[in-house]
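Undergrad: Input input.cif, format and content: mmCIF, C-alpha atoms.
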```
data_entry
#
loop_
_atom_site.label_atom_id
_atom_site.label_comp_id
_atom_site.auth_asym_id
_atom_site.auth_seq_id
_atom_site.Cartn_x
_atom_site.Cartn_y
_atom_site.Cartn_z
CA MET C 115 238.28 -42.13 233.35
CA THR C 116 238.47 -45.55 235.00
CA LEU C 117 240.68 -48.39 233.77
CA ASP C 118 237.54 -50.33 232.88
CA ALA C 119 236.28 -47.46 230.74
CA ILE C 120 239.66 -47.18 228.99
CA LEU C 121 239.70 -50.93 228.28
CA GLN C 122 236.15 -50.79 226.96
CA ALA C 123 237.05 -47.94 224.61
CA LEU C 124 240.18 -49.77 223.43
CA ILE C 125 238.30 -53.05 222.85
CA GLY C 126 235.56 -51.21 220.97
CA GLY C 127 238.25 -49.52 218.89
CA VAL C 128 239.94 -52.85 218.16
CA LEU C 129 236.60 -54.24 216.90
CA ILE C 130 236.15 -51.20 214.64
CA GLY C 131 239.73 -51.66 213.40
CA ALA C 132 239.09 -55.36 212.82
CA GLY C 133 236.10 -54.42 210.66
CA ALA C 134 238.25 -52.00 208.65
CA ALA C 135 241.01 -54.64 208.34
CA THR C 136 238.51 -57.26 207.11
CA LEU C 137 237.19 -54.92 204.42
CA ILE C 138 240.62 -53.96 203.06
CA LEU C 139 241.98 -57.54 203.22
CA PHE C 140 239.03 -59.39 201.72
CA ASN C 141 237.21 -56.73 199.67
CA GLY C 142 240.08 -54.38 198.83
CA THR C 143 237.93 -51.51 200.02
CA VAL C 144 238.31 -48.69 202.49
CA ALA C 145 235.72 -48.80 205.29
CA GLY C 146 234.53 -45.24 204.80
CA ILE C 147 230.93 -45.26 205.92
CA SER C 148 230.01 -41.95 204.26
CA GLY C 149 231.48 -43.17 200.95
CA ILE C 150 229.72 -46.53 201.19
CA THR C 151 226.41 -44.87 202.04
CA ALA C 152 226.70 -42.15 199.40
CA ASN C 153 227.67 -44.59 196.64
CA LEU C 154 224.73 -46.77 197.61
CA VAL C 155 222.14 -43.98 197.58
CA GLU C 156 223.56 -42.62 194.33
CA GLY C 157 223.08 -46.08 192.90
CA ARG C 158 226.56 -46.09 191.46
CA SER C 159 228.49 -48.82 189.72
CA GLY C 160 226.00 -51.66 190.01
CA ALA C 161 228.04 -53.60 192.56
CA GLY C 162 226.06 -52.38 195.55
CA GLY C 163 225.56 -55.80 197.11
CA TRP C 164 228.60 -55.75 199.38
CA ARG C 165 227.70 -52.23 200.53
CA ILE C 166 224.25 -53.39 201.59
CA ALA C 167 225.82 -56.40 203.35
CA PHE C 168 228.28 -54.14 205.20
CA LEU C 169 225.60 -51.69 206.33
CA MET C 170 223.31 -54.52 207.42
CA GLY C 171 226.16 -55.90 209.51
CA LEU C 172 226.81 -52.42 210.87
CA ILE C 173 223.32 -51.98 212.30
CA ALA C 174 222.68 -55.65 213.20
CA PRO C 175 224.33 -55.57 216.67
CA ALA C 176 222.19 -52.59 217.68
CA LEU C 177 219.07 -54.25 216.24
CA LEU C 178 219.76 -57.38 218.30
CA LEU C 179 220.99 -55.76 221.50
CA GLY C 180 219.18 -52.43 221.43
CA LEU C 181 220.75 -49.13 222.35
CA PRO C 182 220.80 -49.09 226.15
CA GLY C 183 221.45 -45.67 227.63
CA VAL C 184 221.72 -44.02 224.23
CA ASP C 185 219.61 -40.96 223.65
CA VAL C 186 219.62 -38.56 220.72
CA THR C 187 218.84 -35.16 222.12
CA GLY C 188 218.65 -31.69 220.64
CA SER C 189 216.04 -29.91 218.58
CA LEU C 190 214.95 -31.35 215.26
CA PRO C 191 216.03 -28.25 213.25
CA MET C 192 219.50 -28.48 214.84
CA LEU C 193 219.71 -32.19 213.93
CA ALA C 194 218.61 -31.39 210.36
CA VAL C 195 221.33 -28.74 209.99
CA SER C 196 223.87 -31.06 211.60
CA GLY C 197 222.93 -33.91 209.26
CA LEU C 198 223.13 -31.70 206.16
CA LEU C 199 226.59 -30.44 207.14
CA VAL C 200 227.85 -33.94 208.02
CA GLY C 201 226.59 -35.43 204.76
CA ALA C 202 227.76 -32.60 202.50
CA GLY C 203 231.07 -32.16 204.34
CA ALA C 204 231.91 -35.85 204.13
CA ARG C 205 231.28 -35.75 200.36
CA VAL C 206 233.25 -32.56 199.70
CA GLY C 207 236.05 -33.70 202.04
CA SER C 208 236.17 -37.24 200.59
CA GLY C 209 235.61 -38.96 203.90
CA CYS C 210 234.33 -38.96 207.45
CA THR C 211 235.47 -40.17 210.84
CA SER C 212 235.80 -43.76 209.62
CA GLY C 213 237.33 -43.09 206.19
CA HIS C 214 239.84 -40.44 207.23
CA GLY C 215 240.05 -40.90 211.01
CA VAL C 216 240.45 -44.68 211.07
CA CYS C 217 241.27 -46.03 207.59
CA GLY C 218 243.19 -43.01 206.30
CA LEU C 219 245.35 -42.78 209.40
CA ALA C 220 245.93 -46.56 209.30
CA ASN C 221 247.08 -46.03 205.70
CA LEU C 222 249.49 -43.30 206.92
CA SER C 223 247.84 -40.73 204.65
CA ARG C 224 248.87 -37.11 205.13
CA ARG C 225 245.61 -36.04 203.54
CA SER C 226 243.60 -38.00 206.08
CA LEU C 227 245.73 -36.68 208.94
CA ALA C 228 245.00 -33.12 207.79
CA ALA C 229 241.28 -33.90 207.37
CA THR C 230 241.09 -35.51 210.83
CA MET C 231 242.80 -32.54 212.49
CA VAL C 232 240.49 -30.10 210.70
CA PHE C 233 237.23 -31.87 211.54
CA MET C 234 238.30 -32.48 215.13
CA ALA C 235 239.24 -28.82 215.57
CA THR C 236 236.07 -27.46 213.95
CA ALA C 237 233.89 -29.90 215.92
CA MET C 238 235.56 -28.83 219.17
CA LEU C 239 235.12 -25.18 218.27
CA THR C 240 231.45 -25.73 217.37
CA ILE C 241 230.49 -27.46 220.62
CA GLN C 242 232.51 -24.87 222.52
CA ILE C 243 230.40 -22.08 221.03
CA VAL C 244 227.12 -24.00 221.38
CA ARG C 245 227.67 -24.88 225.04
CA HIS C 246 229.82 -22.09 226.37
CA GLY C 247 229.15 -19.19 224.01
CA VAL C 248 231.50 -17.10 221.94
CA PRO C 249 234.52 -15.98 223.99
CA THR C 250 234.52 -12.25 224.50
CA MET X 184 232.39 -64.26 199.31
CA LYS X 185 232.52 -60.47 198.95
CA PHE X 186 229.09 -60.26 200.57
CA LEU X 187 230.12 -62.50 203.44
CA SER X 188 233.35 -60.62 204.21
CA ALA X 189 231.54 -57.28 203.94
CA LEU X 190 228.84 -58.55 206.31
CA VAL X 191 231.47 -59.74 208.81
CA ALA X 192 233.32 -56.41 208.50
CA GLY X 193 230.07 -54.55 209.16
CA LEU X 194 229.27 -56.76 212.17
CA LEU X 195 232.71 -56.10 213.67
CA PHE X 196 232.47 -52.37 212.99
CA GLY X 197 228.94 -52.12 214.39
CA SER X 198 229.86 -54.13 217.50
CA GLY X 199 232.81 -51.83 218.03
CA LEU X 200 230.58 -48.75 217.82
CA LEU X 201 228.33 -50.26 220.50
CA VAL X 202 231.07 -51.52 222.82
CA SER X 203 233.07 -48.29 222.60
CA GLY X 204 230.03 -46.13 223.33
CA MET X 205 230.62 -44.14 220.14
CA VAL X 206 226.97 -44.59 219.10
CA ASN X 207 226.09 -42.39 222.05
CA PRO X 208 226.21 -38.72 220.97
CA ALA X 209 226.67 -37.68 224.62
CA VAL X 210 229.94 -39.66 224.83
CA VAL X 211 231.24 -38.15 221.58
CA LEU X 212 230.27 -34.62 222.66
CA SER X 213 231.98 -35.13 226.03
CA PHE X 214 235.21 -35.73 224.09
CA LEU X 215 234.71 -32.77 221.75
CA ASP X 216 233.81 -30.41 224.60
CA VAL X 217 237.30 -29.94 226.00
CA SER X 218 236.23 -27.34 228.56
CA GLY X 219 233.41 -29.47 229.97
CA ALA X 220 233.76 -32.71 231.97
CA TRP X 221 236.22 -34.05 229.42
CA ASN X 222 235.96 -37.73 228.52
CA PRO X 223 238.92 -39.00 226.45
CA ALA X 224 237.17 -42.27 225.40
CA LEU X 225 237.09 -41.34 221.70
CA ALA X 226 240.89 -41.04 221.65
CA PHE X 227 241.29 -44.57 223.02
CA VAL X 228 238.79 -45.86 220.47
CA MET X 229 240.84 -44.33 217.66
CA VAL X 230 244.08 -45.74 219.07
CA GLY X 231 242.58 -49.24 219.24
CA ALA X 232 241.05 -48.99 215.77
CA ILE X 233 244.16 -47.63 214.04
CA ALA X 234 246.45 -50.11 215.83
CA MET X 235 244.25 -52.94 214.56
CA ALA X 236 243.73 -51.67 211.00
CA ALA X 237 247.25 -50.37 210.29
CA PRO X 238 248.93 -53.83 209.98
CA ALA X 239 246.26 -54.89 207.45
CA TYR X 240 246.86 -51.76 205.38
CA PHE X 241 250.63 -52.26 205.69
CA PHE X 242 250.28 -55.86 204.53
CA ILE X 243 248.19 -54.92 201.48
CA ARG X 244 250.59 -52.15 200.49
CA ARG X 245 253.65 -54.40 200.80
CA ARG X 246 252.17 -57.54 199.31
CA GLY X 247 253.13 -56.47 195.84
CA PRO X 248 251.51 -54.49 193.08
CA SER X 249 247.75 -54.79 192.85
CA ARG X 250 244.95 -52.39 192.10
CA THR X 251 244.29 -52.10 195.81
CA SER X 252 247.89 -51.48 196.85
CA GLU X 253 248.36 -48.89 194.12
CA ALA X 254 245.17 -47.13 195.14
CA LEU X 255 246.23 -47.10 198.79
CA LEU X 256 249.67 -45.71 197.96
CA ARG X 257 248.03 -43.05 195.82
CA LEU X 258 245.59 -42.17 198.62
CA ALA X 259 248.48 -41.96 201.10
CA SER X 260 250.50 -39.58 198.95
CA ASP X 261 247.66 -37.42 197.65
CA ARG X 262 248.17 -33.75 198.30
CA VAL X 263 246.18 -31.85 200.85
CA ASP X 264 243.92 -29.52 198.92
CA LEU X 265 241.51 -26.72 199.68
CA ARG X 266 238.42 -28.69 198.71
CA MET X 267 239.22 -31.48 201.15
CA ILE X 268 240.01 -29.02 203.97
CA THR X 269 236.77 -27.14 203.28
CA GLY X 270 234.79 -30.37 203.34
CA ALA X 271 236.43 -31.50 206.59
CA ALA X 272 235.60 -28.14 208.19
CA ILE X 273 231.94 -28.41 207.09
CA PHE X 274 231.84 -31.99 208.37
CA GLY X 275 233.39 -31.02 211.70
CA THR X 276 230.89 -28.21 212.21
CA GLY X 277 228.00 -30.63 211.74
CA TRP X 278 229.66 -33.28 213.91
CA GLY X 279 230.23 -30.78 216.71
CA LEU X 280 226.57 -29.70 216.67
CA ALA X 281 225.02 -33.10 217.43
CA GLY X 282 227.94 -35.46 218.12
CA ILE X 283 226.80 -37.83 215.38
CA CYS X 284 228.90 -38.95 212.40
CA PRO X 285 227.68 -41.22 209.57
CA GLY X 286 228.32 -44.66 211.16
CA PRO X 287 226.68 -43.96 214.50
CA GLY X 288 223.91 -42.07 212.67
CA LEU X 289 222.94 -45.21 210.74
CA VAL X 290 223.15 -47.33 213.91
CA LEU X 291 220.93 -44.83 215.77
CA LEU X 292 218.21 -45.45 213.16
CA THR X 293 217.59 -48.81 214.85
CA GLY X 294 216.20 -46.89 217.84
CA ALA X 295 213.49 -45.58 215.49
CA SER X 296 213.50 -42.12 217.08
CA VAL X 297 212.32 -39.12 215.09
CA HIS X 298 215.63 -37.47 215.99
CA ALA X 299 217.71 -40.17 214.32
CA VAL X 300 215.47 -40.25 211.26
CA VAL X 301 215.73 -36.47 210.83
CA PHE X 302 219.53 -36.60 211.19
CA VAL X 303 220.06 -39.45 208.70
CA THR X 304 217.56 -38.09 206.16
CA SER X 305 219.33 -34.73 206.23
CA MET X 306 222.73 -36.44 206.03
CA VAL X 307 221.72 -38.36 202.91
CA ALA X 308 220.26 -35.16 201.44
CA GLY X 309 223.58 -33.42 202.13
CA MET X 310 225.46 -36.25 200.43
CA LEU X 311 223.27 -36.00 197.34
CA LEU X 312 223.27 -32.18 197.26
CA ALA X 313 227.01 -31.66 197.69
CA PRO X 314 228.11 -32.94 194.26
CA LEU X 315 225.35 -30.96 192.52
CA LEU X 316 226.27 -27.72 194.29
CA LEU X 317 230.00 -28.19 193.77
CA ARG X 318 229.62 -29.03 190.12
CA ARG X 319 227.43 -26.02 189.55
CA ALA X 320 229.75 -23.71 191.45
CA ARG X 321 233.14 -24.82 190.24
CA GLY X 322 232.71 -27.45 187.60
CA ILE X 323 234.12 -30.11 189.92
CA ASP X 324 232.68 -33.61 190.13
CA VAL X 325 232.95 -34.55 193.78
CA ARG X 326 232.08 -38.13 192.95
CA SER X 327 235.41 -38.65 191.22
CA ALA X 328 237.04 -38.17 194.62
CA PRO X 329 238.98 -41.19 195.88
CA THR X 330 236.62 -42.29 198.63
CA ARG X 331 237.56 -45.92 198.26
CA ALA X 332 240.57 -47.92 197.19
CA THR X 333 239.01 -49.94 194.41
CA ASP X 334 235.63 -50.87 193.20
#
```
Starting from the file, lay out its structure as structure tokens.

TA:
Amino acid sequence: MTLDAILQALIGGVLIGAGAATLILFNGTVAGISGITANLVEGRSGAGGWRIAFLMGLIAPALLLGLPGVDVTGSLPMLAVSGLLVGAGARVGSGCTSGHGVCGLANLSRRSLAATMVFMATAMLTIQIVRHGVPT
Amino acid sequence: MKFLSALVAGLLFGSGLLVSGMVNPAVVLSFLDVSGAWNPALAFVMVGAIAMAAPAYFFIRRRGPSRTSEALLRLASDRVDLRMITGAAIFGTGWGLAGICPGPGLVLLTGASVHAVVFVTSMVAGMLLAPLLLRRARGIDVRSAPTRATD
């Protein structure tokens, strides 16, 4: 990994962290994207306006700049299974990469540390099996 | 005001996903696949994000009692339980399959590919199905889970 690539990853991370910081400072809310999305589609608690504003902001940069070099590959059935597991798992586990992995860890939560370690480990195991097969 | 700050937060978050390359499933998978051509970018993204967000969380927690600070302290001290571990394992399995988590999934919709639409539609279906299944199986309401500090 080049120094440029490391800097780019760090700067991108700082922007993500700045978004999370803005939401906790000014809205008193954790920037958990699965929670925000799920609460919105469940139509909970009336006050959905800020959630729509956040999600619009989230996709706006990609709408304006496009997604150069980004390609979603894989079969549609695999993506459907993946999506189902991601959505259900985030709900059952009370958070996803943003909620546990960024906000929870920034909040020094043991629960989020455990969740992050578990989803990292299971994701690594899954891609290991998909790409390299089951070790014999 | 709440709309404006949420919009700004979303813009920052979405820009970060683009700049960091985390919207690209190939970049995420190259981190998760430790025995392939390993790319540690995701680790640096998390370091940058946590380093930036942690002072804000620290400030809110120390500023004095408020609904938000109490909720954050409660979230930080909540016990690790089986339901959360199970959910994280289900989530990780899905994440490892395609390299897409909820934030990047939503951003990928802007590319209007069938692939992204199938992923996000299934993800939303999973979100809606999970509470129903859990409640039926164990009498637990997943929606009471502390997914956010306050509302």

Undergrad: Can you turn the PyMOL selection byres ((chain X) within 6 of (chain C)) into a concrete residue list for this file, as a ChimeraX atom specification?

TA: /X:186,189-190,192-199,202-203,207,215-216,224,227-229,231-233,235-237,239-240,251,259,263,267,270-280,285-286,290,293,301-302,305-307,309-310,313,330-333

Undergrad: Record the distance separating atom CA of X:Leu256 and atom CA of X:Phe241, expressed in Å with one decimal.

TA: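 About the pair atom CA of X:Leu256 and atom CA of X:Phe241: they are 10.2 Å apart.
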
Undergrad: Hey, can you check how far atom CA of X:Thr269 sits from atom CA of X:Arg319?

TA: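 Going from atom CA of X:Thr269 over to atom CA of X:Arg319 covers 16.6 Å.
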
Undergrad: Atom CA of X:Leu289 to atom CA of X:Leu200: how many Å, to one decimal?

TA: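 Separating atom CA of X:Leu289 from atom CA of X:Leu200 is a distance of 11.0 Å.
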
Undergrad: Grab all the atoms of stretch 211-218 of chain X that the file lists, wrap them in a box along x, y and z, add 4 Å per side, and give me centre plus edge lengths in Å (one decimal) as AutoDock Vina command-line options.

TA:
```
--center_x 233.8 --center_y -32.7 --center_z 225.1 --size_x 15.0 --size_y 18.8 --size_z 15.0
```

Undergrad: Can you find the residues with an atom no farther than 7 Å from (244.9, -52.4, 197.5), counting all atoms listed in the file, and report them as a PyMOL selection string?

TA: (chain C and resi 142) or (chain X and resi 243-244+249-255+332)

Undergrad: List as an MDAnalysis selection string: which residues have an atom within 6 Å of (223.9, -43.2, 218.4), counting all atoms listed in the file?

TA: chainID X and resid 206:208 287:288 291
